[in-house]
$ cat structure02.txt   # compact mmCIF, C-alpha atoms
# COMPACT_ATOMS: atom_id res chain seq x y z
CA MET D 27 -33.19 1.93 24.28
CA MET D 28 -31.81 1.54 20.79
CA LYS D 29 -28.03 1.45 20.66
CA ASN D 30 -25.73 2.64 17.93
CA ILE D 31 -24.08 0.29 15.41
CA PRO D 32 -21.03 -1.68 16.61
CA VAL D 33 -17.51 -0.47 15.74
CA SER D 34 -16.92 -3.68 13.77
CA LYS D 35 -19.63 -2.70 11.24
CA VAL D 36 -17.79 0.54 10.42
CA PHE D 37 -14.50 -1.38 10.19
CA SER D 38 -15.99 -3.86 7.72
CA LEU D 39 -17.09 -1.00 5.49
CA SER D 40 -13.67 0.64 5.84
CA ASP D 41 -11.88 -2.56 4.77
CA GLY D 42 -13.79 -2.57 1.50
CA ILE D 43 -13.38 1.15 0.86
CA PHE D 44 -9.65 1.27 1.58
CA SER D 45 -8.87 -1.80 -0.52
CA ILE D 46 -10.96 -0.64 -3.48
CA ALA D 47 -9.60 2.92 -3.37
CA ILE D 48 -5.98 1.76 -3.12
CA THR D 49 -6.41 -0.68 -6.02
CA LEU D 50 -8.28 1.81 -8.21
CA LEU D 51 -5.12 3.92 -8.27
CA VAL D 52 -3.75 1.56 -10.90
CA LEU D 53 -6.52 2.46 -13.38
CA ASP D 54 -4.51 5.48 -14.45
CA LEU D 55 -1.48 3.32 -15.18
CA ILE D 56 -3.26 0.75 -17.39
CA PRO D 57 -3.86 3.04 -20.41
CA VAL D 58 -0.28 4.30 -20.09
CA GLY D 59 0.84 0.76 -21.04
CA ALA D 60 -0.89 0.96 -24.43
CA GLU D 61 0.44 4.47 -25.08
CA ILE D 62 4.08 3.70 -24.36
CA THR D 63 4.18 0.38 -26.22
CA SER D 64 3.05 2.12 -29.40
CA ALA D 65 5.76 4.80 -29.05
CA ALA D 66 8.92 4.63 -31.18
CA ASP D 67 11.15 4.91 -28.10
CA PHE D 68 9.63 2.87 -25.27
CA ASN D 69 11.75 4.26 -22.44
CA GLU D 70 11.50 7.85 -23.55
CA ALA D 71 7.71 7.46 -23.60
CA MET D 72 7.83 5.78 -20.18
CA VAL D 73 9.98 8.53 -18.66
CA SER D 74 7.70 11.18 -20.15
CA LYS D 75 4.88 9.58 -18.12
CA TRP D 76 6.72 9.89 -14.80
CA PRO D 77 4.07 12.18 -13.27
CA VAL D 78 1.52 9.35 -13.51
CA PHE D 79 3.87 6.96 -11.67
CA ALA D 80 4.84 9.57 -9.06
CA ALA D 81 1.17 10.39 -8.47
CA PHE D 82 0.41 6.66 -8.06
CA THR D 83 3.16 6.32 -5.42
CA LEU D 84 2.05 9.43 -3.53
CA GLY D 85 -1.59 8.31 -3.66
CA PHE D 86 -0.66 4.86 -2.40
CA LEU D 87 1.27 6.34 0.55
CA VAL D 88 -1.60 8.72 1.34
CA ILE D 89 -4.24 5.96 1.46
CA ALA D 90 -1.96 3.50 3.29
CA SER D 91 -1.03 6.07 5.96
CA ILE D 92 -4.70 7.09 6.48
CA TRP D 93 -5.56 3.38 6.82
CA TYR D 94 -2.74 2.82 9.34
CA ASP D 95 -3.63 5.89 11.40
CA TYR D 96 -7.32 4.96 11.26
CA HIS D 97 -6.77 1.47 12.68
CA ALA D 98 -4.08 2.51 15.16
CA LEU D 99 -6.72 4.41 17.15
CA GLY D 100 -9.71 2.37 15.98
CA GLN D 101 -8.43 -0.78 17.68
CA TYR D 102 -9.19 0.79 21.08
CA LEU D 103 -12.72 2.03 20.34
CA VAL D 104 -15.60 0.08 21.87
CA GLU D 105 -18.66 2.23 21.24
CA THR D 106 -19.94 4.46 18.47
CA ASN D 107 -22.21 7.48 18.29
CA GLU D 108 -23.71 9.26 15.28
CA ILE D 109 -21.05 11.99 15.28
CA TRP D 110 -18.23 9.45 15.23
CA VAL D 111 -19.99 7.39 12.51
CA TRP D 112 -20.34 10.46 10.29
CA GLU D 113 -16.76 11.51 10.96
CA GLN D 114 -15.71 8.06 9.76
CA ILE D 115 -17.91 8.41 6.70
CA PHE D 116 -16.25 11.72 5.91
CA THR D 117 -12.88 9.96 6.19
CA PHE D 118 -14.10 7.35 3.69
CA PHE D 119 -15.35 10.17 1.47
CA THR D 120 -11.85 11.67 1.31
CA VAL D 121 -10.31 8.20 0.78
CA THR D 122 -12.61 7.49 -2.17
CA LEU D 123 -11.58 10.85 -3.65
CA VAL D 124 -7.85 10.05 -3.54
CA PRO D 125 -7.83 8.09 -6.87
CA PHE D 126 -9.49 11.12 -8.49
CA GLY D 127 -6.92 13.47 -6.92
CA VAL D 128 -4.12 11.18 -8.07
CA SER D 129 -5.48 11.13 -11.61
CA LEU D 130 -5.72 14.93 -11.59
CA LEU D 131 -2.16 15.18 -10.30
CA GLY D 132 -0.75 12.57 -12.70
CA HIS D 133 -2.13 14.39 -15.73
CA SER D 134 -1.16 17.89 -14.66
CA VAL D 135 2.29 17.74 -13.02
CA ASN D 136 4.81 19.47 -15.28
CA THR D 137 2.08 21.15 -17.33
CA PRO D 138 0.90 24.79 -17.23
CA ASN D 139 -2.23 23.55 -15.40
CA MET D 140 -0.29 22.11 -12.48
CA THR D 141 -1.31 24.67 -9.84
CA TRP D 142 -5.00 23.84 -9.47
CA PRO D 143 -4.67 20.04 -9.43
CA VAL D 144 -2.01 20.33 -6.70
CA PHE D 145 -4.39 22.64 -4.86
CA TYR D 146 -7.28 20.15 -5.10
CA PHE D 147 -5.06 17.24 -4.13
CA GLY D 148 -4.09 19.23 -1.03
CA LEU D 149 -7.75 19.79 -0.23
CA ILE D 150 -8.38 16.03 -0.37
CA LEU D 151 -5.28 15.38 1.75
CA PHE D 152 -6.05 17.88 4.51
CA ALA D 153 -9.88 18.04 4.48
CA ARG D 154 -10.09 15.36 7.15
CA SER D 155 -8.31 17.36 9.89
CA PRO D 156 -10.78 20.24 10.44
CA VAL D 157 -13.74 17.86 10.13
CA THR D 158 -12.29 15.41 12.69
CA LEU D 159 -11.45 18.34 14.97
CA LEU D 160 -15.04 19.57 14.78
CA ALA D 161 -16.45 16.05 15.26
CA LEU D 162 -14.22 15.45 18.30
CA TYR D 163 -15.35 18.73 19.82
CA LEU D 164 -19.05 18.09 19.16
CA ALA D 165 -18.93 14.46 20.33
CA ARG D 166 -17.17 15.51 23.52
CA ARG D 167 -19.84 18.10 24.28
CA LYS D 168 -22.68 15.70 23.61
CA TYR D 169 -21.37 12.35 24.84
CA GLY D 170 -18.25 13.09 26.88
CA SER D 171 -14.99 11.30 26.11
CA LEU D 172 -14.53 8.51 23.56
CA LYS D 173 -15.46 5.05 24.83
CA VAL D 174 -12.24 3.06 24.66
CA SER D 175 -11.16 -0.38 25.86
CA ALA D 176 -9.50 -0.90 29.25
CA ASP D 177 -6.08 -1.38 27.65
CA PHE D 178 -5.98 2.18 26.27
CA PRO D 179 -2.60 3.25 27.64
CA VAL D 180 -3.23 6.91 28.52
CA ASP D 181 -5.94 9.05 30.01
CA VAL D 182 -8.64 9.45 27.30
CA LYS D 183 -9.33 13.09 28.13
CA SER D 184 -5.71 14.15 27.80
CA PHE D 185 -5.41 12.07 24.63
CA GLU D 186 -8.38 13.96 23.18
CA ASN D 187 -6.92 17.29 24.27
CA TYR D 188 -3.60 16.63 22.57
CA SER D 189 -5.33 15.15 19.53
CA MET D 190 -7.33 18.34 19.18
CA ILE D 191 -4.14 20.39 19.39
CA GLY D 192 -2.53 18.09 16.80
CA LEU D 193 -5.55 18.36 14.51
CA GLY D 194 -5.54 22.15 14.92
CA ILE D 195 -1.87 22.29 13.93
CA THR D 196 -2.53 20.00 10.95
CA THR D 197 -5.46 22.17 9.87
CA VAL D 198 -3.33 25.32 9.98
CA TYR D 199 -0.41 23.55 8.25
CA GLY D 200 -2.78 22.16 5.61
CA GLY D 201 -4.38 25.55 5.03
CA LEU D 202 -1.00 27.20 4.59
CA VAL D 203 0.37 24.47 2.33
CA ILE D 204 -2.76 24.54 0.13
CA CYS D 205 -2.28 28.33 -0.22
CA VAL D 206 1.41 27.72 -1.05
CA SER D 207 0.28 25.44 -3.91
CA LEU D 208 -1.24 28.46 -5.64
CA ILE D 209 2.12 30.25 -5.57
CA ASN D 210 4.59 27.36 -5.91
CA ALA D 211 3.06 23.98 -6.74
CA TRP D 212 6.36 22.10 -6.48
CA LEU D 213 7.03 23.39 -2.98
CA ALA D 214 3.48 22.41 -1.99
CA LEU D 215 4.06 18.89 -3.31
CA ILE D 216 7.22 18.60 -1.19
CA LEU D 217 5.29 19.82 1.88
CA TYR D 218 2.47 17.32 1.18
CA SER D 219 5.05 14.52 0.95
CA ILE D 220 6.66 15.56 4.25
CA TYR D 221 3.25 15.47 5.92
CA VAL D 222 2.55 11.99 4.52
CA LEU D 223 5.99 10.72 5.64
CA VAL D 224 5.48 12.06 9.17
CA ARG D 225 2.23 10.09 9.44
CA MET D 226 3.76 6.80 8.43
CA SER D 227 4.27 5.53 11.98
CA PRO D 228 1.32 6.71 14.11
CA ILE D 229 2.06 4.45 17.09
CA SER D 230 5.58 5.75 17.63
CA SER D 231 4.35 9.33 17.04
CA TRP D 232 1.80 8.97 19.85
CA THR D 233 4.20 7.12 22.13
CA ASN D 234 6.84 9.81 21.68
CA THR D 235 4.30 12.61 22.16
CA PHE D 236 3.04 11.14 25.43
CA LYS D 237 6.56 10.40 26.65
CA PHE D 238 7.42 14.05 26.03
CA ILE D 239 4.28 15.27 27.78
CA GLU D 240 4.91 12.99 30.75
CA LYS D 241 8.51 14.20 31.03
CA ARG D 242 7.38 17.82 31.00
CA SER D 243 4.64 17.28 33.55
CA SER D 244 6.94 15.40 35.94
CA ALA D 245 9.52 18.18 35.54
CA ALA D 246 6.79 20.73 36.34
CA ARG D 247 5.72 18.69 39.39
CA ALA D 248 9.32 18.49 40.59
CA GLY D 249 9.68 22.28 40.09
CA ARG D 250 6.65 22.89 42.29
CA MET U 26 3.60 5.99 31.11
CA ALA U 27 3.16 2.47 32.49
CA ARG U 28 1.35 1.08 29.47
CA LYS U 29 2.13 1.62 25.83
CA PHE U 30 0.16 2.18 22.66
CA THR U 31 0.24 -1.12 20.83
CA ASP U 32 0.28 -1.57 17.11
CA ILE U 33 -2.66 -2.81 15.04
CA ASP U 34 -3.52 -6.51 14.84
CA HIS U 35 -2.17 -8.51 11.95
CA SER U 36 -5.74 -9.52 11.11
CA ARG U 37 -6.38 -5.91 10.04
CA ILE U 38 -3.60 -6.14 7.44
CA ASP U 39 -4.97 -9.49 6.29
CA THR U 40 -8.44 -8.02 5.81
CA LEU U 41 -7.04 -5.18 3.72
CA SER U 42 -4.99 -7.68 1.72
CA ASP U 43 -8.09 -9.75 0.92
CA GLY U 44 -9.74 -6.73 -0.66
CA ILE U 45 -6.63 -5.62 -2.53
CA PHE U 46 -5.89 -9.03 -4.02
CA ALA U 47 -9.53 -9.61 -4.96
CA ILE U 48 -9.82 -6.26 -6.72
CA ALA U 49 -6.39 -6.44 -8.41
CA LEU U 50 -7.25 -9.92 -9.74
CA THR U 51 -10.55 -8.64 -11.07
CA LEU U 52 -8.99 -5.54 -12.65
CA LEU U 53 -6.94 -7.88 -14.85
CA GLY U 54 -10.18 -8.51 -16.72
CA PHE U 55 -10.27 -4.88 -17.95
CA ASP U 56 -7.79 -5.57 -20.73
CA LEU U 57 -9.77 -8.58 -21.88
CA ILE U 58 -12.89 -6.47 -22.32
CA GLY U 59 -10.92 -4.15 -24.65
CA ALA U 60 -9.53 -7.16 -26.54
CA ILE U 61 -12.99 -8.64 -27.08
CA LYS U 62 -14.21 -5.32 -28.47
CA LYS U 63 -11.30 -5.33 -30.95
CA ALA U 64 -11.82 -9.00 -31.82
CA SER U 65 -15.53 -8.53 -32.48
CA GLU U 66 -14.75 -5.77 -34.99
CA ASN U 67 -12.93 -8.40 -37.05
CA GLY U 68 -15.04 -10.18 -39.70
CA ASP U 69 -14.12 -13.56 -38.20
CA LEU U 70 -14.52 -13.47 -34.41
CA ASN U 71 -12.28 -16.49 -33.81
CA GLU U 72 -9.55 -15.06 -36.00
CA GLY U 73 -9.91 -11.80 -34.09
CA LEU U 74 -9.63 -13.61 -30.77
CA VAL U 75 -6.54 -15.51 -31.91
CA HIS U 76 -5.00 -12.24 -33.06
CA GLU U 77 -5.46 -10.86 -29.53
CA TRP U 78 -3.66 -13.83 -27.90
CA PRO U 79 -0.99 -11.66 -26.17
CA ILE U 80 -3.73 -10.03 -24.11
CA PHE U 81 -5.07 -13.43 -23.01
CA PHE U 82 -1.55 -14.66 -22.32
CA SER U 83 -0.72 -11.60 -20.20
CA PHE U 84 -4.02 -12.04 -18.33
CA VAL U 85 -3.01 -15.61 -17.43
CA MET U 86 0.49 -14.46 -16.41
CA GLY U 87 -0.89 -11.59 -14.33
CA PHE U 88 -3.43 -13.84 -12.67
CA PHE U 89 -0.75 -16.41 -11.91
CA VAL U 90 1.60 -13.76 -10.46
CA LEU U 91 -1.09 -12.25 -8.22
CA TYR U 92 -2.42 -15.58 -7.06
CA ALA U 93 1.09 -16.81 -6.26
CA ILE U 94 1.83 -13.62 -4.27
CA TRP U 95 -1.47 -14.04 -2.40
CA TYR U 96 -0.77 -17.69 -1.57
CA GLN U 97 2.79 -17.03 -0.41
CA TYR U 98 1.65 -14.00 1.57
CA HIS U 99 -0.86 -16.03 3.58
CA VAL U 100 1.49 -18.98 4.06
CA GLN U 101 4.04 -16.65 5.66
CA SER U 102 1.71 -14.31 7.48
CA GLN U 103 -0.22 -17.05 9.29
CA PHE U 104 2.67 -17.06 11.77
CA ALA U 105 3.06 -13.28 11.97
CA GLY U 106 2.62 -11.81 15.43
CA LYS U 107 1.66 -8.29 16.44
CA PRO U 108 3.29 -6.15 13.76
CA HIS U 109 5.37 -3.01 14.27
CA ALA U 110 5.54 -0.05 11.86
CA LEU U 111 8.28 -1.61 9.71
CA MET U 112 6.31 -4.83 9.35
CA VAL U 113 3.17 -2.86 8.43
CA TRP U 114 5.02 -0.99 5.68
CA GLN U 115 6.75 -4.18 4.54
CA HIS U 116 3.28 -5.57 3.86
CA GLY U 117 2.29 -2.23 2.35
CA PHE U 118 5.06 -2.52 -0.23
CA GLY U 119 3.87 -6.01 -1.14
CA PHE U 120 0.38 -4.62 -1.68
CA MET U 121 1.76 -1.85 -3.87
CA MET U 122 3.36 -4.46 -6.11
CA ALA U 123 0.08 -6.40 -6.18
CA CYS U 124 -1.81 -3.25 -7.19
CA LEU U 125 0.69 -2.65 -10.01
CA VAL U 126 0.32 -6.13 -11.54
CA PRO U 127 -2.74 -5.18 -13.68
CA ALA U 128 -0.70 -2.30 -15.18
CA GLY U 129 2.25 -4.67 -15.78
CA ALA U 130 -0.04 -7.23 -17.40
CA ALA U 131 -1.48 -4.52 -19.67
CA LEU U 132 2.05 -3.45 -20.63
CA LEU U 133 2.97 -7.06 -21.38
CA GLY U 134 -0.19 -7.71 -23.38
CA GLU U 135 0.29 -4.61 -25.51
CA SER U 136 3.99 -5.16 -26.12
CA ILE U 137 4.28 -8.89 -26.94
CA ASN U 138 5.18 -9.41 -30.59
CA THR U 139 5.91 -5.71 -31.11
CA PRO U 140 9.31 -3.95 -31.42
CA ASN U 141 8.85 -2.80 -27.81
CA MET U 142 8.50 -6.31 -26.40
CA SER U 143 11.88 -6.27 -24.60
CA TRP U 144 10.93 -3.34 -22.41
CA GLY U 145 7.41 -4.60 -21.76
CA VAL U 146 8.83 -7.92 -20.54
CA PHE U 147 11.56 -6.10 -18.60
CA TYR U 148 9.09 -4.01 -16.60
CA PHE U 149 6.80 -6.98 -16.02
CA GLY U 150 9.84 -8.79 -14.60
CA LEU U 151 10.59 -5.84 -12.34
CA LEU U 152 7.11 -6.19 -10.86
CA ILE U 153 7.70 -9.88 -10.16
CA PHE U 154 11.20 -9.57 -8.73
CA LEU U 155 11.33 -6.11 -7.13
CA GLU U 156 9.93 -7.80 -4.04
CA GLY U 157 13.37 -9.47 -3.52
CA PRO U 158 15.63 -6.41 -3.02
CA VAL U 159 12.94 -4.42 -1.20
CA GLN U 160 12.17 -7.24 1.25
CA LEU U 161 15.92 -7.58 1.71
CA LEU U 162 16.11 -3.93 2.75
CA PHE U 163 13.22 -4.40 5.17
CA PHE U 164 14.90 -7.46 6.72
CA ILE U 165 18.13 -5.45 7.13
CA ALA U 166 16.20 -2.56 8.66
CA MET U 167 14.51 -4.98 11.08
CA ARG U 168 17.77 -6.31 12.51
CA ARG U 169 17.39 -4.08 15.56
CA ARG U 170 13.66 -4.60 15.82
CA PRO U 171 12.99 -8.27 15.14
CA MET U 172 9.87 -9.62 13.53
CA THR U 173 7.20 -10.84 15.92
CA VAL U 174 5.79 -14.32 15.40
CA THR U 175 2.99 -16.40 16.91
CA GLU U 176 3.63 -19.08 19.53
CA ASP U 177 3.00 -21.92 17.08
CA SER U 178 5.49 -20.51 14.58
CA PRO U 179 8.13 -23.10 13.59
CA PHE U 180 10.83 -20.39 13.78
CA THR U 181 11.66 -17.44 15.98
CA GLY U 182 11.50 -13.92 14.57
CA SER U 183 15.27 -13.65 14.25
CA GLU U 184 15.47 -17.05 12.52
CA TYR U 185 12.88 -15.84 10.02
CA GLN U 186 14.88 -12.71 9.44
CA LYS U 187 18.15 -14.55 8.86
CA MET U 188 16.53 -17.00 6.46
CA GLY U 189 14.54 -14.21 4.82
CA LEU U 190 17.77 -12.32 4.16
CA VAL U 191 19.32 -15.28 2.34
CA LEU U 192 16.13 -16.13 0.47
CA ASN U 193 15.75 -12.58 -0.77
CA VAL U 194 19.39 -12.39 -1.85
CA ILE U 195 18.67 -15.47 -4.02
CA VAL U 196 15.43 -13.94 -5.37
CA THR U 197 17.27 -10.67 -6.11
CA ALA U 198 20.02 -12.50 -8.01
CA LEU U 199 17.49 -14.58 -9.98
CA GLY U 200 15.49 -11.48 -10.72
CA LEU U 201 18.54 -9.57 -11.90
CA ILE U 202 19.46 -12.35 -14.32
CA SER U 203 15.88 -12.68 -15.59
CA VAL U 204 15.17 -8.98 -16.14
CA VAL U 205 18.54 -8.36 -17.81
CA CYS U 206 17.79 -11.37 -20.03
CA ALA U 207 14.49 -9.65 -20.98
CA LEU U 208 16.44 -6.91 -22.73
CA PHE U 209 18.14 -9.37 -25.10
CA LEU U 210 15.91 -12.45 -25.18
CA PRO U 211 12.42 -11.51 -24.00
CA TRP U 212 10.95 -14.95 -24.78
CA VAL U 213 13.64 -16.64 -22.68
CA ALA U 214 12.97 -14.14 -19.90
CA LEU U 215 9.27 -15.02 -20.01
CA VAL U 216 10.21 -18.69 -19.63
CA LEU U 217 12.45 -17.79 -16.65
CA TYR U 218 9.64 -15.79 -15.06
CA SER U 219 7.29 -18.75 -15.52
CA LEU U 220 9.83 -21.13 -13.96
CA TYR U 221 10.21 -18.81 -10.99
CA LEU U 222 6.44 -18.63 -10.63
CA LEU U 223 6.23 -22.43 -10.73
CA THR U 224 8.34 -22.54 -7.54
CA LYS U 225 5.55 -20.54 -5.92
CA VAL U 226 2.76 -22.92 -6.91
CA ASN U 227 3.16 -24.75 -3.61
CA PRO U 228 4.92 -22.31 -1.26
CA VAL U 229 4.57 -24.61 1.76
CA ALA U 230 6.46 -27.43 0.05
CA SER U 231 8.98 -24.97 -1.44
CA PHE U 232 9.71 -23.46 1.98
CA ASN U 233 9.94 -26.85 3.66
CA ARG U 234 12.33 -28.10 0.99
CA SER U 235 14.54 -25.00 1.19
CA ILE U 236 14.64 -24.77 4.99
CA PRO U 237 17.52 -27.26 5.55
CA LEU U 238 19.65 -25.39 3.00
CA LEU U 239 18.70 -21.98 4.43
CA ARG U 240 19.49 -23.20 7.96
CA ARG U 241 22.93 -24.35 6.84
CA LEU U 242 23.58 -21.05 5.06
CA VAL U 243 22.73 -18.91 8.08
CA LYS U 244 24.33 -21.40 10.49
CA LEU U 245 21.21 -22.20 12.48
CA PRO U 246 20.98 -25.50 14.40
CA ALA U 247 19.19 -28.19 12.37
$ encode --input "structure02.txt" --output "C-alpha cells"
Amino acid sequence: MMKNIPVSKVFSLSDGIFSIAITLLVLDLIPVGAEITSAADFNEAMVSKWPVFAAFTLGFLVIASIWYDYHALGQYLVETNEIWVWEQIFTFFTVTLVPFGVSLLGHSVNTPNMTWPVFYFGLILFARSPVTLLALYLARRKYGSLKVSADFPVDVKSFENYSMIGLGITTVYGGLVICVSLINAWLALILYSIYVLVRMSPISSWTNTFKFIEKRSSAARAGR
Amino acid sequence: MARKFTDIDHSRIDTLSDGIFAIALTLLGFDLIGAIKKASENGDLNEGLVHEWPIFFSFVMGFFVLYAIWYQYHVQSQFAGKPHALMVWQHGFGFMMACLVPAGAALLGESINTPNMSWGVFYFGLLIFLEGPVQLLFFIAMRRRPMTVTEDSPFTGSEYQKMGLVLNVIVTALGLISVVCALFLPWVALVLYSLYLLTKVNPVASFNRSIPLLRRLVKLPA
C-alpha cells in the first residue's frame, strides 16, 4: 500500500513559507525610508507613517504566534493523511496572505478607508479556525484520532475534543470581531491584538487547560 | 496529569532563523537594483554609480550587521537547551530586528549626505543596539524561569543569565552613547557602530576574552 508523505516533508515546506512570509513584511517599510528622508521634517514624516510600523509589528506577532502554535502540536505528530496535509496547506495559505493583510492595514489605518482593510485582516487572522475545525472533524470520521508519538502527555481523543471546542470558540469570537470591525475598526484591532497575545504561549495554555479539566473531573469523581 | 506538554525543539527555531537571515540578507539587494536603475540613467555609468555610493555603503553595513547577528546567534544558541515560551519570544525579537535591517539600510542609504542624515543614522543605530535593552528585559524576566542549556555547555543557565545581564547593560550603554552621538555627529556615530560591529566579527573569541571580566563582575567562581 502507498503511504502518505512524512510529517517532516510538510515541516520543511513550512520552514520556508514562515521565514519568507515573516521577512516579506519588511517590504512595506523599505519605500517608507525614501519617503521620509526626502521630507523637510524627518521625524514628523516618520511619525505620520506609524500605521505602517504598527502593522509590521502586528503582522510579525501574528506569523510568529501561528508558527509557535503550529510547531507546539506538530512536534508530536507521527503520521499524515490527505485531510491533515490540506489543512496544513490552508494554514500556509493564510500565512502567505499576512504580508498582504499587513500592507492593506498599514496603508489604511487612520484613513476613511480603514474599515474594510481591518475587516480583511480579520478574515486572514481567523480563517484558519473554522477550516481546522472542519478538517479535524472530517479526519476523525475517516481515520480516527491523530497519530501522535508515545510521549504525547494526554489522551488524544480528549485533546481533540477540547481542541474542537477551542476552535469553535475561536471561530465564533473571530466571526463576531470581524463583524465589529465594520462598526468600530479600532475596537476590532484591539480585539485582534488580544487574540494574538493570548496565543503567544501555546504550551502553557494547553497545560493550564488540561490541569483545569483534570481538577474538574477529579472533583466530579470525588462528588460521585 | 503525569506527563506534561513540552515545548518545541530549539532546532525548529534554528531552521526558521536560517530562512529569515537568508531572506533578509537577500532583500538588502533590493535597494541596489533601484540604485543601478538611477545610475544607468546618468550619461556616464561610472559617475552615476559613484553618485549612488551611499546605497552601496548602506548595503555593506546592512550585510555586515545581519551577518554578525547571524554568527553571534548561532555561537550562543549551539548550547541552548529545550526552550520555554520566554526563550522562544526572546529569539523572536531577535528575528524581528533582523527582518527590519533591510528597512534600516534603505533609510541609511537614502539619508547619507542629506539634511536628514542624523535621523537616518539614529534609527539605523537603534536597529543595531535595541537588542541590548530588550535582551536585558528578557534576562530579567527569566530570573524565575532560568534558561535551559545543553550538557556540553560551558556554563549553567543561571550563569548565562547573570553574564547576559551584565553584557547587555554594557551593550545598552554603548548603544545609548552611539545613537545620541548620531544626532550631533552622524559620521562619528557611523564609526562607533562600525567599531561595535568589529567586536562581533569573531564572537567566539570576543566571548572568551570577556568571560573572565564578566565572571568577576557577577561574582562567579573563576
$ atom_distance --input "structure02.txt" --atom1 "CA of Phe209 (chain U)" --atom2 "CA of Ser64 (chain D)"
19.4 Å
$ interface_residues --input "structure02.txt" --of "chain U" --to "chain D" --cutoff "6 Å" --atoms "only C-alpha atoms" --output "JSON, numbers by chain"
{"U": [28, 29, 30, 33, 41, 44, 45, 110, 124, 128, 131, 132, 135, 136, 141]}
$ closest_residue --input "structure02.txt" --among "D:Gly132, D:Lys29, D:Lys35, D:Cys205" --to "Leu84 (chain D)" --atoms "all atoms listed in the file"
D:Gly132
$ residues_around --input "structure02.txt" --residues "Phe116 (chain D)" --least-positions-apart "3" --cutoff "8 Å" --atoms "all atoms listed in the file" --output "ChimeraX atom specification"
/D:112-113,119-120,154,157
$ closest_residue --input "structure02.txt" --among "D:Asp181, D:His133, D:Trp110, D:Ile209" --to "Ala161 (chain D)" --atoms "only C-alpha atoms"
D:Trp110
$ residues_around --input "structure02.txt" --residues "region 100-103 of chain U" --least-positions-apart "6" --cutoff "9 Å" --atoms "all atoms listed in the file" --output "ChimeraX atom specification"
/U:35,39,174-175,178,228-229
$ residues_around --input "structure02.txt" --residues "Leu201 (chain U)" --least-positions-apart "4" --cutoff "12 Å" --atoms "only C-alpha atoms" --output "list in words"
Phe147, Tyr148, Gly150, Leu151, Leu152, Ile153, Phe154, Leu155, Glu156, Gly157, Pro158, Asn193, Val194, Ile195, Val196, Thr197, Val205, Cys206, Ala207, Leu208, Ala214, Leu217 and Tyr218 of chain U
$ write_last_selection --input "structure02.txt" --atoms "C-alpha atoms" --output "PDB file, in the coordinates of the input"
ATOM      1  CA  PHE U 147      11.560  -6.100 -18.600  1.00  0.00           C
ATOM      2  CA  TYR U 148       9.090  -4.010 -16.600  1.00  0.00           C
ATOM      3  CA  GLY U 150       9.840  -8.790 -14.600  1.00  0.00           C
ATOM      4  CA  LEU U 151      10.590  -5.840 -12.340  1.00  0.00           C
ATOM      5  CA  LEU U 152       7.110  -6.190 -10.860  1.00  0.00           C
ATOM      6  CA  ILE U 153       7.700  -9.880 -10.160  1.00  0.00           C
ATOM      7  CA  PHE U 154      11.200  -9.570  -8.730  1.00  0.00           C
ATOM      8  CA  LEU U 155      11.330  -6.110  -7.130  1.00  0.00           C
ATOM      9  CA  GLU U 156       9.930  -7.800  -4.040  1.00  0.00           C
ATOM     10  CA  GLY U 157      13.370  -9.470  -3.520  1.00  0.00           C
ATOM     11  CA  PRO U 158      15.630  -6.410  -3.020  1.00  0.00           C
ATOM     12  CA  ASN U 193      15.750 -12.580  -0.770  1.00  0.00           C
ATOM     13  CA  VAL U 194      19.390 -12.390  -1.850  1.00  0.00           C
ATOM     14  CA  ILE U 195      18.670 -15.470  -4.020  1.00  0.00           C
ATOM     15  CA  VAL U 196      15.430 -13.940  -5.370  1.00  0.00           C
ATOM     16  CA  THR U 197      17.270 -10.670  -6.110  1.00  0.00           C
ATOM     17  CA  VAL U 205      18.540  -8.360 -17.810  1.00  0.00           C
ATOM     18  CA  CYS U 206      17.790 -11.370 -20.030  1.00  0.00           C
ATOM     19  CA  ALA U 207      14.490  -9.650 -20.980  1.00  0.00           C
ATOM     20  CA  LEU U 208      16.440  -6.910 -22.730  1.00  0.00           C
ATOM     21  CA  ALA U 214      12.970 -14.140 -19.900  1.00  0.00           C
ATOM     22  CA  LEU U 217      12.450 -17.790 -16.650  1.00  0.00           C
ATOM     23  CA  TYR U 218       9.640 -15.790 -15.060  1.00  0.00           C
TER      24      TYR U 218
END
$ residues_around --input "structure02.txt" --residues "Glu77 (chain U)" --least-positions-apart "2" --cutoff "10 Å" --atoms "only C-alpha atoms" --output "PyMOL selection string"
chain U and resi 57+59-61+63-64+71-75+79-82+134-135
$ closest_residue --input "structure02.txt" --among "D:Leu160, D:Ala81, D:Leu123, D:Leu172" --to "Asn136 (chain D)" --atoms "only C-alpha atoms"
D:Ala81
$ atom_distance --input "structure02.txt" --atom1 "CA of Leu239 (chain U)" --atom2 "CA of Leu220 (chain U)"
20.4 Å
$ atom_distance --input "structure02.txt" --atom1 "CA of Ile204 (chain D)" --atom2 "CA of Leu217 (chain D)"
9.5 Å
$ residues_around --input "structure02.txt" --residues "region 186-201 of chain D" --least-positions-apart "2" --cutoff "7 Å" --atoms "all atoms listed in the file" --output "MDAnalysis selection string"
chainID D and resid 152 155:156 159 182:184 203:205
$ closest_residue --input "structure02.txt" --among "D:Asn30, D:Ser219, D:Thr158, D:Asn234" --to "Glu108 (chain D)" --atoms "only C-alpha atoms"
D:Asn30
